[in-house]
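Structure below is entry32.cif: mmCIF, C-alpha atoms (C1' of nucleotides).
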data_structure
loop_
_atom_site.label_atom_id
_atom_site.label_comp_id
_atom_site.auth_asym_id
_atom_site.auth_seq_id
_atom_site.Cartn_x
_atom_site.Cartn_y
_atom_site.Cartn_z
CA MET A 1 0.00 0.00 0.00
CA ASN A 2 1.35 3.41 -0.96
CA THR A 3 1.08 5.94 1.84
CA ALA A 4 1.47 9.02 -0.36
CA PRO A 5 -2.25 9.40 -1.26
CA VAL A 6 -3.13 8.93 2.42
CA PHE A 7 -0.82 11.72 3.53
CA ALA A 8 -2.15 13.92 0.74
CA ALA A 9 -5.75 13.16 1.67
CA LEU A 10 -5.17 14.04 5.33
CA ALA A 11 -3.54 17.35 4.44
CA HIS A 12 -6.91 19.13 4.17
CA PRO A 13 -8.82 19.89 7.41
CA VAL A 14 -12.20 19.17 5.81
CA ARG A 15 -11.09 15.69 4.81
CA ARG A 16 -9.70 14.99 8.28
CA GLN A 17 -12.99 16.05 9.80
CA VAL A 18 -14.93 13.87 7.36
CA ILE A 19 -13.20 10.70 8.43
CA SER A 20 -13.59 11.74 12.07
CA LEU A 21 -17.33 12.04 11.43
CA LEU A 22 -17.34 8.61 9.81
CA LEU A 23 -15.54 7.19 12.83
CA VAL A 24 -18.67 7.96 14.86
CA ARG A 25 -21.05 6.45 12.32
CA GLU A 26 -21.52 6.06 8.59
CA ARG A 27 -23.39 8.85 6.81
CA THR A 28 -24.89 9.77 3.47
CA ALA A 29 -23.07 12.24 1.22
CA GLY A 30 -25.75 14.82 1.98
CA ALA A 31 -25.43 14.39 5.74
CA ILE A 32 -21.68 14.89 5.45
CA ALA A 33 -22.08 18.01 3.31
CA GLU A 34 -24.43 19.55 5.90
CA GLU A 35 -21.62 19.54 8.43
CA PHE A 36 -19.62 22.08 6.43
CA GLU A 37 -20.05 25.64 5.25
CA ILE A 38 -18.66 24.99 1.78
CA SER A 39 -20.81 23.91 -1.16
CA ARG A 40 -22.10 20.37 -1.61
CA SER A 41 -20.03 19.85 -4.76
CA ALA A 42 -16.83 20.84 -2.96
CA VAL A 43 -17.58 18.22 -0.30
CA SER A 44 -18.33 15.70 -3.04
CA GLU A 45 -14.88 16.22 -4.50
CA HIS A 46 -13.27 15.87 -1.08
CA LEU A 47 -15.13 12.57 -0.81
CA GLY A 48 -13.70 11.58 -4.17
CA ILE A 49 -10.17 12.21 -2.89
CA LEU A 50 -10.86 10.16 0.25
CA ARG A 51 -12.27 7.39 -1.95
CA HIS A 52 -9.17 7.49 -4.12
CA ALA A 53 -6.99 7.17 -1.00
CA ASN A 54 -9.16 4.20 -0.03
CA LEU A 55 -10.05 5.83 3.28
CA VAL A 56 -13.80 5.56 2.73
CA ARG A 57 -16.18 2.99 1.29
CA GLU A 58 -19.24 3.96 -0.69
CA ALA A 59 -22.48 1.95 -0.69
CA LYS A 60 -25.40 2.76 -2.96
CA SER A 61 -28.78 2.73 -1.27
CA GLY A 62 -31.50 4.02 -3.56
CA ARG A 63 -30.67 7.56 -4.51
CA GLU A 64 -28.34 7.94 -1.53
CA ARG A 65 -24.67 7.03 -1.21
CA ILE A 66 -23.69 5.89 2.24
CA TYR A 67 -20.08 6.54 3.15
CA SER A 68 -18.30 4.54 5.79
CA LEU A 69 -14.79 4.64 7.14
CA ASN A 70 -12.05 2.34 5.92
CA ALA A 71 -9.29 2.70 8.51
CA GLU A 72 -6.81 0.21 7.04
CA PRO A 73 -4.73 2.80 5.16
CA LEU A 74 -4.26 4.65 8.44
CA ALA A 75 -2.44 1.58 9.72
CA GLY A 76 0.16 2.23 7.03
CA LEU A 77 0.52 5.73 8.36
CA ARG A 78 1.02 4.39 11.86
CA ASP A 79 3.71 2.07 10.49
CA TRP A 80 5.44 5.02 8.86
CA LEU A 81 5.36 6.76 12.22
CA GLU A 82 6.78 3.80 14.12
CA PRO A 83 10.54 4.53 13.70
CA PHE A 84 9.98 8.05 14.97
CA ALA A 85 8.17 6.70 18.02
CA THR A 86 11.29 4.87 19.10
CA TYR A 87 13.15 8.15 18.68
CA TRP A 88 10.96 10.15 21.02
CA LYS A 89 10.84 7.30 23.53
CA ALA A 90 14.64 7.34 23.51
CA ARG A 91 14.58 11.06 24.15
CA LEU A 92 12.17 10.55 27.03
CA SER A 93 14.26 7.83 28.67
CA GLN A 94 17.28 10.08 28.14
CA LEU A 95 15.40 12.83 29.95
CA ALA A 96 14.48 10.42 32.73
CA GLN A 97 18.13 9.44 33.16
CA GLN A 98 19.04 13.10 33.30
CA LEU A 99 16.48 13.68 36.03
CA GLU A 100 17.80 10.70 38.00
CA GLN A 101 21.31 12.07 37.78
CA ASP A 102 20.10 15.48 38.88
CA GLU A 103 18.61 13.94 41.99
CA GLN A 104 21.90 12.52 43.14
CA MET B 105 -0.18 21.79 19.88
CA ASN B 106 -2.00 22.21 16.59
CA THR B 107 -1.68 19.24 14.27
CA ALA B 108 -2.71 21.08 11.09
CA PRO B 109 0.79 22.36 10.16
CA VAL B 110 2.20 18.88 10.81
CA PHE B 111 -0.27 17.21 8.45
CA ALA B 112 0.42 19.92 5.87
CA ALA B 113 4.17 19.49 6.23
CA LEU B 114 3.98 15.74 5.74
CA ALA B 115 1.85 16.08 2.62
CA HIS B 116 4.91 16.56 0.40
CA PRO B 117 7.13 13.54 -0.33
CA VAL B 118 10.32 15.59 -0.19
CA ARG B 119 9.52 16.80 3.31
CA ARG B 120 8.71 13.28 4.47
CA GLN B 121 12.02 12.08 3.12
CA VAL B 122 13.87 14.94 4.80
CA ILE B 123 12.69 13.99 8.25
CA SER B 124 13.45 10.34 7.47
CA LEU B 125 16.98 11.40 6.63
CA LEU B 126 17.20 13.34 9.88
CA LEU B 127 16.01 10.28 11.77
CA VAL B 128 19.28 8.59 10.77
CA ARG B 129 21.44 11.54 11.74
CA GLU B 130 21.46 15.33 11.75
CA ARG B 131 22.71 17.04 8.59
CA THR B 132 23.61 20.42 7.21
CA ALA B 133 21.23 22.17 4.82
CA GLY B 134 23.62 21.49 1.97
CA ALA B 135 23.90 17.79 2.74
CA ILE B 136 20.10 17.56 2.73
CA ALA B 137 19.83 19.41 -0.57
CA GLU B 138 22.30 17.02 -2.21
CA GLU B 139 19.88 14.15 -1.61
CA PHE B 140 17.33 15.64 -4.02
CA GLU B 141 17.16 16.52 -7.67
CA ILE B 142 15.43 19.85 -7.12
CA SER B 143 17.27 23.12 -6.57
CA ARG B 144 18.90 24.06 -3.32
CA SER B 145 16.52 26.96 -2.76
CA ALA B 146 13.50 24.69 -3.16
CA VAL B 147 14.92 22.41 -0.48
CA SER B 148 15.61 25.43 1.70
CA GLU B 149 11.94 26.38 1.49
CA HIS B 150 10.87 22.85 2.36
CA LEU B 151 13.12 23.15 5.41
CA GLY B 152 11.37 26.39 6.29
CA ILE B 153 8.00 24.62 6.23
CA LEU B 154 9.36 21.83 8.43
CA ARG B 155 10.77 24.45 10.81
CA HIS B 156 7.39 26.18 10.92
CA ALA B 157 5.72 22.86 11.77
CA ASN B 158 8.35 22.48 14.52
CA LEU B 159 9.48 19.16 13.05
CA VAL B 160 13.13 20.19 12.81
CA ARG B 161 15.56 22.16 14.91
CA GLU B 162 18.20 24.40 13.39
CA ALA B 163 21.61 25.03 14.91
CA LYS B 164 24.07 27.55 13.51
CA SER B 165 27.64 26.36 13.23
CA GLY B 166 29.81 28.81 11.42
CA ARG B 167 28.38 29.31 7.96
CA GLU B 168 26.51 26.01 8.14
CA ARG B 169 23.07 25.30 9.56
CA ILE B 170 22.75 21.88 11.11
CA TYR B 171 19.25 20.47 11.02
CA SER B 172 18.09 17.85 13.47
CA LEU B 173 14.80 16.06 13.92
CA ASN B 174 12.22 17.14 16.46
CA ALA B 175 9.81 14.22 16.67
CA GLU B 176 7.48 15.60 19.33
CA PRO B 177 4.86 16.95 16.90
CA LEU B 178 4.62 13.47 15.42
CA ALA B 179 3.37 12.29 18.80
CA GLY B 180 0.36 14.58 18.29
CA LEU B 181 -0.21 12.87 14.98
CA ARG B 182 -0.10 9.48 16.64
CA ASP B 183 -2.64 10.76 19.19
CA TRP B 184 -4.91 11.87 16.36
CA LEU B 185 -4.60 8.37 14.91
CA GLU B 186 -5.40 6.63 18.18
CA PRO B 187 -9.24 6.50 17.92
CA PHE B 188 -8.94 4.97 14.47
CA ALA B 189 -6.59 2.31 15.81
CA THR B 190 -9.33 1.08 18.14
CA TYR B 191 -11.58 0.92 15.10
CA TRP B 192 -9.38 -1.37 13.07
CA LYS B 193 -8.61 -3.50 16.11
CA ALA B 194 -12.36 -3.93 16.56
CA ARG B 195 -12.62 -5.02 12.95
CA LEU B 196 -9.83 -7.51 13.45
CA SER B 197 -11.40 -9.04 16.58
CA GLN B 198 -14.69 -9.14 14.67
CA LEU B 199 -12.90 -11.06 11.93
CA ALA B 200 -11.36 -13.38 14.50
CA GLN B 201 -14.80 -14.12 15.97
CA GLN B 202 -16.09 -14.81 12.49
CA LEU B 203 -13.29 -17.29 11.89
CA GLU B 204 -14.01 -19.00 15.22
CA GLN B 205 -17.67 -19.36 14.28
CA ASP B 206 -16.73 -20.75 10.89
CA GLU B 207 -14.71 -23.46 12.59
CA GLN B 208 -17.68 -24.78 14.53
"C1'" DG C 209 40.90 42.53 2.89
"C1'" DG C 210 38.97 39.57 -0.73
"C1'" DG C 211 37.35 35.60 -3.12
"C1'" DA C 212 34.99 31.30 -2.22
"C1'" DT C 213 31.37 28.95 0.42
"C1'" DA C 214 26.83 28.05 2.92
"C1'" DT C 215 22.45 29.47 3.34
"C1'" DG C 216 17.88 32.13 3.55
"C1'" DT C 217 14.76 35.03 1.03
"C1'" DC C 218 12.37 37.16 -2.80
"C1'" DG C 219 9.95 37.81 -7.40
"C1'" DG C 220 7.75 35.53 -10.77
"C1'" DG C 221 5.86 31.85 -13.33
"C1'" DA C 222 4.11 27.03 -13.73
"C1'" DA C 223 1.45 23.51 -11.70
"C1'" DT C 224 -1.81 21.93 -8.51
"C1'" DT C 225 -5.72 22.34 -5.46
"C1'" DG C 226 -10.04 24.24 -3.87
"C1'" DT C 227 -14.47 26.16 -4.77
"C1'" DT C 228 -18.66 27.26 -7.08
"C1'" DG C 229 -22.76 27.09 -10.05
"C1'" DA C 230 -24.67 24.55 -13.77
"C1'" DC C 231 -25.76 20.30 -15.55
"C1'" DA C 232 -26.52 15.06 -16.04
"C1'" DT C 233 -28.02 10.77 -14.06
"C1'" DG C 234 -30.56 7.93 -11.37
"C1'" DT C 235 -34.26 7.26 -7.81
"C1'" DC C 236 -38.35 8.08 -5.06
"C1'" DG C 237 -43.40 8.83 -4.30
"C1'" DG C 238 -47.64 9.84 -5.97
"C1'" DC D 239 -45.34 9.41 -16.07
"C1'" DC D 240 -43.62 13.47 -13.50
"C1'" DG D 241 -41.92 16.54 -10.22
"C1'" DA D 242 -38.86 16.44 -6.26
"C1'" DC D 243 -34.65 14.70 -4.44
"C1'" DA D 244 -29.64 12.86 -3.92
"C1'" DT D 245 -25.51 12.81 -5.94
"C1'" DG D 246 -21.37 12.97 -9.20
"C1'" DT D 247 -19.07 15.55 -12.72
"C1'" DC D 248 -17.62 19.52 -15.43
"C1'" DA D 249 -15.99 24.24 -16.82
"C1'" DA D 250 -14.13 28.12 -15.06
"C1'" DC D 251 -11.99 30.90 -11.85
"C1'" DA D 252 -9.34 31.84 -7.37
"C1'" DA D 253 -6.03 30.52 -4.20
"C1'" DT D 254 -2.21 28.01 -2.97
"C1'" DT D 255 1.86 25.35 -3.63
"C1'" DC D 256 6.02 24.39 -5.87
"C1'" DC D 257 10.07 25.54 -8.17
"C1'" DC D 258 13.80 28.25 -10.06
"C1'" DG D 259 17.27 31.90 -10.72
"C1'" DA D 260 18.93 36.02 -8.71
"C1'" DC D 261 20.28 38.30 -4.82
"C1'" DA D 262 21.66 39.40 0.18
"C1'" DT D 263 24.07 38.03 4.32
"C1'" DA D 264 27.28 35.82 7.02
"C1'" DT D 265 31.35 33.01 7.46
"C1'" DC D 266 35.66 30.86 6.17
"C1'" DC D 267 40.46 30.71 4.52
"C1'" DC D 268 44.45 32.64 2.45
#

The structure in this file should be written as structure tokens.
Amino acid sequence: MNTAPVFAALAHPVRRQVISLLLVRERTAGAIAEEFEISRSAVSEHLGILRHANLVREAKSGRERIYSLNAEPLAGLRDWLEPFATYWKARLSQLAQQLEQDEQ
Amino acid sequence: MNTAPVFAALAHPVRRQVISLLLVRERTAGAIAEEFEISRSAVSEHLGILRHANLVREAKSGRERIYSLNAEPLAGLRDWLEPFATYWKARLSQLAQQLEQDEQ
DNA sequence: GGGATATGTCGGGAATTGTTGACATGTCGG
DNA sequence: CCGACATGTCAACAATTCCCGACATATCCC
């Protein structure tokens, strides 16, 4: 899985908020659009970008499209983050050692 | 800490690669620029964006600027990811239950 | 001091992204 | 069948991002 489209998709605040909304529960395209000030077509194109990054699933139900979250690509992002996590843990344990030394 | 500048900074592949380089070891601006095909000034502006997102630290050393990684803002990103992690874990345990049922 | 070196910043242009209103398609309910 | 509704797509424009070459500043070395 390529992480580039995921990073790009998450760069826009509207798209981050969309997947946060979908974390609570799935919603129709219209219900999602109502949450924002921008036009419905702008939201529709944000949804297209999220779909392209495979972060959402789309289910047809009559004349509605129900969007639901697909969190798998975010796991790739977590994996990308992993090496950095060890870095800041190292820094923290370094800080802890420093504090211990200071106490003596 | 606001995560928006961090997400924006990580949207560009060059900037992601820069902080990956800095994860290995700190480097001068010139050494970073040599890693890429684009011009030195373009890299310098990417470094400015990373600095603005607080993802790198800059130390003057004579006429050189030594850049080092500051991973703390990435912790905020991991925190943002956390609720989604529970989601995909739930899906996995759901899948595990399904497999158990299938076995019976 | 003076030329070479390292680096940030700026102006401008190309490329990309974001937004909107208009339109097309498909569906519902009578 | 027909009007209302839900939604995606498109053309056009605005805003932003990206990139480069030119320049300014500070430092090094002789």

Convert the output of the PyMOL selection byres ((chain C) within 7 of (chain A)) on the shown file into explicit residues, formatted as a PyMOL selection string.
-> chain C and resi 227+234-235

Using all atoms listed in the file, find which residues of chain B lie within 6 Å of chain A and jot them down as a PDB file with C-alpha atoms, keeping the file's coordinate frame.
ATOM      1  CA  PHE B 111      -0.270  17.210   8.450  1.00  0.00           C
ATOM      2  CA  ALA B 112       0.420  19.920   5.870  1.00  0.00           C
ATOM      3  CA  ALA B 115       1.850  16.080   2.620  1.00  0.00           C
TER       4      ALA B 115
END

May I ask you to extract the residues of chain D within 9 Å of chain A, using all atoms listed in the file, and to give them as a PyMOL selection string?
-> chain D and resi 243-246

File dump, residues just selected, C-alpha atoms (C1' of nucleotides), as a PDB file, keeping the file's coordinate frame:
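The new file out.pdb reads:
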ATOM      1  C1'  DC D 243     -34.650  14.700  -4.440  1.00  0.00           C
ATOM      2  C1'  DA D 244     -29.640  12.860  -3.920  1.00  0.00           C
ATOM      3  C1'  DT D 245     -25.510  12.810  -5.940  1.00  0.00           C
ATOM      4  C1'  DG D 246     -21.370  12.970  -9.200  1.00  0.00           C
TER       5       DG D 246
END

Mind pulling up the distance from atom CA of Val56 of chain A to atom CA of Met1 of chain A?
-> 15.1 Å

Quote the spacing between atom CA of Ile136 of chain B and atom CA of Asn2 of chain A in Å to one decimal place.
->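 For atom CA of Ile136 of chain B relative to atom CA of Asn2 of chain A, the distance reads 23.8 Å.
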
Could you superpose chain A on chain B by least squares over every Cα, matched in sequence order, and send it back as a PDB file with C-alpha atoms, keeping the file's coordinate frame?
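Written output follows (superposed_17.pdb):
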ATOM      1  CA  MET A   1      -0.161  21.821  19.865  1.00  0.00           C
ATOM      2  CA  ASN A   2      -2.030  22.248  16.594  1.00  0.00           C
ATOM      3  CA  THR A   3      -1.696  19.252  14.308  1.00  0.00           C
ATOM      4  CA  ALA A   4      -2.747  21.054  11.126  1.00  0.00           C
ATOM      5  CA  PRO A   5       0.746  22.354  10.174  1.00  0.00           C
ATOM      6  CA  VAL A   6       2.160  18.878  10.846  1.00  0.00           C
ATOM      7  CA  PHE A   7      -0.301  17.210   8.498  1.00  0.00           C
ATOM      8  CA  ALA A   8       0.368  19.895   5.902  1.00  0.00           C
ATOM      9  CA  ALA A   9       4.125  19.493   6.254  1.00  0.00           C
ATOM     10  CA  LEU A  10       3.938  15.718   5.786  1.00  0.00           C
ATOM     11  CA  ALA A  11       1.815  16.052   2.658  1.00  0.00           C
ATOM     12  CA  HIS A  12       4.878  16.541   0.427  1.00  0.00           C
ATOM     13  CA  PRO A  13       7.098  13.495  -0.292  1.00  0.00           C
ATOM     14  CA  VAL A  14      10.295  15.560  -0.174  1.00  0.00           C
ATOM     15  CA  ARG A  15       9.491  16.777   3.321  1.00  0.00           C
ATOM     16  CA  ARG A  16       8.673  13.256   4.504  1.00  0.00           C
ATOM     17  CA  GLN A  17      11.984  12.044   3.153  1.00  0.00           C
ATOM     18  CA  VAL A  18      13.829  14.916   4.830  1.00  0.00           C
ATOM     19  CA  ILE A  19      12.655  13.982   8.285  1.00  0.00           C
ATOM     20  CA  SER A  20      13.399  10.327   7.527  1.00  0.00           C
ATOM     21  CA  LEU A  21      16.956  11.382   6.675  1.00  0.00           C
ATOM     22  CA  LEU A  22      17.164  13.341   9.917  1.00  0.00           C
ATOM     23  CA  LEU A  23      15.970  10.290  11.825  1.00  0.00           C
ATOM     24  CA  VAL A  24      19.227   8.585  10.827  1.00  0.00           C
ATOM     25  CA  ARG A  25      21.411  11.539  11.775  1.00  0.00           C
ATOM     26  CA  GLU A  26      21.421  15.319  11.768  1.00  0.00           C
ATOM     27  CA  ARG A  27      22.685  17.011   8.607  1.00  0.00           C
ATOM     28  CA  THR A  28      23.602  20.393   7.204  1.00  0.00           C
ATOM     29  CA  ALA A  29      21.212  22.135   4.811  1.00  0.00           C
ATOM     30  CA  GLY A  30      23.637  21.440   1.973  1.00  0.00           C
ATOM     31  CA  ALA A  31      23.878  17.735   2.772  1.00  0.00           C
ATOM     32  CA  ILE A  32      20.090  17.514   2.754  1.00  0.00           C
ATOM     33  CA  ALA A  33      19.819  19.348  -0.568  1.00  0.00           C
ATOM     34  CA  GLU A  34      22.291  16.915  -2.174  1.00  0.00           C
ATOM     35  CA  GLU A  35      19.866  14.078  -1.565  1.00  0.00           C
ATOM     36  CA  PHE A  36      17.324  15.544  -3.982  1.00  0.00           C
ATOM     37  CA  GLU A  37      17.158  16.388  -7.658  1.00  0.00           C
ATOM     38  CA  ILE A  38      15.406  19.713  -7.137  1.00  0.00           C
ATOM     39  CA  SER A  39      17.258  22.989  -6.617  1.00  0.00           C
ATOM     40  CA  ARG A  40      18.895  23.960  -3.335  1.00  0.00           C
ATOM     41  CA  SER A  41      16.501  26.872  -2.823  1.00  0.00           C
ATOM     42  CA  ALA A  42      13.474  24.604  -3.215  1.00  0.00           C
ATOM     43  CA  VAL A  43      14.885  22.343  -0.494  1.00  0.00           C
ATOM     44  CA  SER A  44      15.561  25.403   1.652  1.00  0.00           C
ATOM     45  CA  GLU A  45      11.910  26.371   1.470  1.00  0.00           C
ATOM     46  CA  HIS A  46      10.826  22.836   2.333  1.00  0.00           C
ATOM     47  CA  LEU A  47      13.091  23.141   5.366  1.00  0.00           C
ATOM     48  CA  GLY A  48      11.355  26.388   6.237  1.00  0.00           C
ATOM     49  CA  ILE A  49       7.978  24.630   6.199  1.00  0.00           C
ATOM     50  CA  LEU A  50       9.324  21.829   8.408  1.00  0.00           C
ATOM     51  CA  ARG A  51      10.752  24.461  10.760  1.00  0.00           C
ATOM     52  CA  HIS A  52       7.401  26.217  10.884  1.00  0.00           C
ATOM     53  CA  ALA A  53       5.713  22.906  11.766  1.00  0.00           C
ATOM     54  CA  ASN A  54       8.336  22.523  14.493  1.00  0.00           C
ATOM     55  CA  LEU A  55       9.457  19.193  13.058  1.00  0.00           C
ATOM     56  CA  VAL A  56      13.105  20.219  12.775  1.00  0.00           C
ATOM     57  CA  ARG A  57      15.564  22.198  14.867  1.00  0.00           C
ATOM     58  CA  GLU A  58      18.192  24.422  13.327  1.00  0.00           C
ATOM     59  CA  ALA A  59      21.622  25.026  14.878  1.00  0.00           C
ATOM     60  CA  LYS A  60      24.093  27.536  13.488  1.00  0.00           C
ATOM     61  CA  SER A  61      27.647  26.281  13.216  1.00  0.00           C
ATOM     62  CA  GLY A  62      29.860  28.736  11.377  1.00  0.00           C
ATOM     63  CA  ARG A  63      28.488  29.203   7.910  1.00  0.00           C
ATOM     64  CA  GLU A  64      26.548  25.939   8.109  1.00  0.00           C
ATOM     65  CA  ARG A  65      23.092  25.273   9.525  1.00  0.00           C
ATOM     66  CA  ILE A  66      22.727  21.868  11.086  1.00  0.00           C
ATOM     67  CA  TYR A  67      19.219  20.464  11.007  1.00  0.00           C
ATOM     68  CA  SER A  68      18.064  17.851  13.451  1.00  0.00           C
ATOM     69  CA  LEU A  69      14.780  16.082  13.940  1.00  0.00           C
ATOM     70  CA  ASN A  70      12.200  17.195  16.469  1.00  0.00           C
ATOM     71  CA  ALA A  71       9.788  14.266  16.711  1.00  0.00           C
ATOM     72  CA  GLU A  72       7.454  15.677  19.370  1.00  0.00           C
ATOM     73  CA  PRO A  73       4.843  17.009  16.925  1.00  0.00           C
ATOM     74  CA  LEU A  74       4.595  13.521  15.451  1.00  0.00           C
ATOM     75  CA  ALA A  75       3.348  12.358  18.837  1.00  0.00           C
ATOM     76  CA  GLY A  76       0.352  14.629  18.305  1.00  0.00           C
ATOM     77  CA  LEU A  77      -0.248  12.907  15.016  1.00  0.00           C
ATOM     78  CA  ARG A  78      -0.109   9.531  16.714  1.00  0.00           C
ATOM     79  CA  ASP A  79      -2.658  10.800  19.243  1.00  0.00           C
ATOM     80  CA  TRP A  80      -4.934  11.890  16.418  1.00  0.00           C
ATOM     81  CA  LEU A  81      -4.617   8.401  14.986  1.00  0.00           C
ATOM     82  CA  GLU A  82      -5.401   6.663  18.265  1.00  0.00           C
ATOM     83  CA  PRO A  83      -9.244   6.545  18.009  1.00  0.00           C
ATOM     84  CA  PHE A  84      -8.950   4.991  14.572  1.00  0.00           C
ATOM     85  CA  ALA A  85      -6.598   2.342  15.932  1.00  0.00           C
ATOM     86  CA  THR A  86      -9.301   1.089  18.250  1.00  0.00           C
ATOM     87  CA  TYR A  87     -11.584   0.934  15.224  1.00  0.00           C
ATOM     88  CA  TRP A  88      -9.359  -1.319  13.164  1.00  0.00           C
ATOM     89  CA  LYS A  89      -8.560  -3.484  16.183  1.00  0.00           C
ATOM     90  CA  ALA A  90     -12.305  -3.929  16.649  1.00  0.00           C
ATOM     91  CA  ARG A  91     -12.611  -4.943  13.025  1.00  0.00           C
ATOM     92  CA  LEU A  92      -9.793  -7.440  13.461  1.00  0.00           C
ATOM     93  CA  SER A  93     -11.301  -9.028  16.570  1.00  0.00           C
ATOM     94  CA  GLN A  94     -14.614  -9.107  14.705  1.00  0.00           C
ATOM     95  CA  LEU A  95     -12.856 -10.953  11.899  1.00  0.00           C
ATOM     96  CA  ALA A  96     -11.287 -13.333  14.401  1.00  0.00           C
ATOM     97  CA  GLN A  97     -14.701 -14.098  15.893  1.00  0.00           C
ATOM     98  CA  GLN A  98     -16.021 -14.730  12.414  1.00  0.00           C
ATOM     99  CA  LEU A  99     -13.208 -17.174  11.741  1.00  0.00           C
ATOM    100  CA  GLU A 100     -13.882 -18.967  15.033  1.00  0.00           C
ATOM    101  CA  GLN A 101     -17.530 -19.319  14.130  1.00  0.00           C
ATOM    102  CA  ASP A 102     -16.605 -20.615  10.699  1.00  0.00           C
ATOM    103  CA  GLU A 103     -14.537 -23.343  12.295  1.00  0.00           C
ATOM    104  CA  GLN A 104     -17.448 -24.729  14.237  1.00  0.00           C
TER     105      GLN A 104
END

Of the candidates C:DG209, C:DG221, C:DG226, C:DG237, which one gets nearest to DA253 of chain D if we count all atoms listed in the file?
->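 Of C:DG209, C:DG221, C:DG226, C:DG237, the one nearest DA253 of chain D is C:DG226, counting all atoms listed in the file.
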
Contacts of DG210 of chain C at 12 Å (only C-alpha atoms (C1' of nucleotides); same-chain gap of 3+ positions) as a ChimeraX atom specification = /D:266-268

re atom CA of Arg161 of chain B and atom C1' of DC258 of chain D: distance 25.8 Å

Output as a PDB file, in the frame of the given file: segment 19-30 of chain A, completed with N, CA and C atoms.
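Result went into part-v4.pdb, see below:
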ATOM      1  N   ILE A  19     -13.428  12.071   7.940  1.00  0.00           N
ATOM      2  CA  ILE A  19     -13.200  10.700   8.430  1.00  0.00           C
ATOM      3  C   ILE A  19     -13.400  10.619   9.936  1.00  0.00           C
ATOM      4  N   SER A  20     -13.249  11.749  10.640  1.00  0.00           N
ATOM      5  CA  SER A  20     -13.590  11.740  12.070  1.00  0.00           C
ATOM      6  C   SER A  20     -15.097  11.565  12.247  1.00  0.00           C
ATOM      7  N   LEU A  21     -15.874  12.213  11.377  1.00  0.00           N
ATOM      8  CA  LEU A  21     -17.330  12.040  11.430  1.00  0.00           C
ATOM      9  C   LEU A  21     -17.696  10.584  11.160  1.00  0.00           C
ATOM     10  N   LEU A  22     -17.015   9.992  10.175  1.00  0.00           N
ATOM     11  CA  LEU A  22     -17.340   8.610   9.810  1.00  0.00           C
ATOM     12  C   LEU A  22     -16.881   7.623  10.874  1.00  0.00           C
ATOM     13  N   LEU A  23     -15.968   8.058  11.726  1.00  0.00           N
ATOM     14  CA  LEU A  23     -15.540   7.190  12.830  1.00  0.00           C
ATOM     15  C   LEU A  23     -16.706   6.992  13.809  1.00  0.00           C
ATOM     16  N   VAL A  24     -17.516   8.045  13.970  1.00  0.00           N
ATOM     17  CA  VAL A  24     -18.670   7.960  14.860  1.00  0.00           C
ATOM     18  C   VAL A  24     -19.727   7.026  14.258  1.00  0.00           C
ATOM     19  N   ARG A  25     -20.085   7.306  13.012  1.00  0.00           N
ATOM     20  CA  ARG A  25     -21.050   6.450  12.320  1.00  0.00           C
ATOM     21  C   ARG A  25     -21.021   6.762  10.829  1.00  0.00           C
ATOM     22  N   GLU A  26     -21.460   5.820  10.034  1.00  0.00           N
ATOM     23  CA  GLU A  26     -21.520   6.060   8.590  1.00  0.00           C
ATOM     24  C   GLU A  26     -22.614   7.081   8.285  1.00  0.00           C
ATOM     25  N   ARG A  27     -22.477   7.770   7.154  1.00  0.00           N
ATOM     26  CA  ARG A  27     -23.390   8.850   6.810  1.00  0.00           C
ATOM     27  C   ARG A  27     -23.577   8.926   5.303  1.00  0.00           C
ATOM     28  N   THR A  28     -24.683   9.518   4.894  1.00  0.00           N
ATOM     29  CA  THR A  28     -24.890   9.770   3.470  1.00  0.00           C
ATOM     30  C   THR A  28     -24.048  10.977   3.054  1.00  0.00           C
ATOM     31  N   ALA A  29     -23.831  11.101   1.744  1.00  0.00           N
ATOM     32  CA  ALA A  29     -23.070  12.240   1.220  1.00  0.00           C
ATOM     33  C   ALA A  29     -23.720  13.553   1.640  1.00  0.00           C
ATOM     34  N   GLY A  30     -25.032  13.604   1.605  1.00  0.00           N
ATOM     35  CA  GLY A  30     -25.750  14.820   1.980  1.00  0.00           C
ATOM     36  C   GLY A  30     -25.548  15.164   3.444  1.00  0.00           C
TER      37      GLY A  30
END
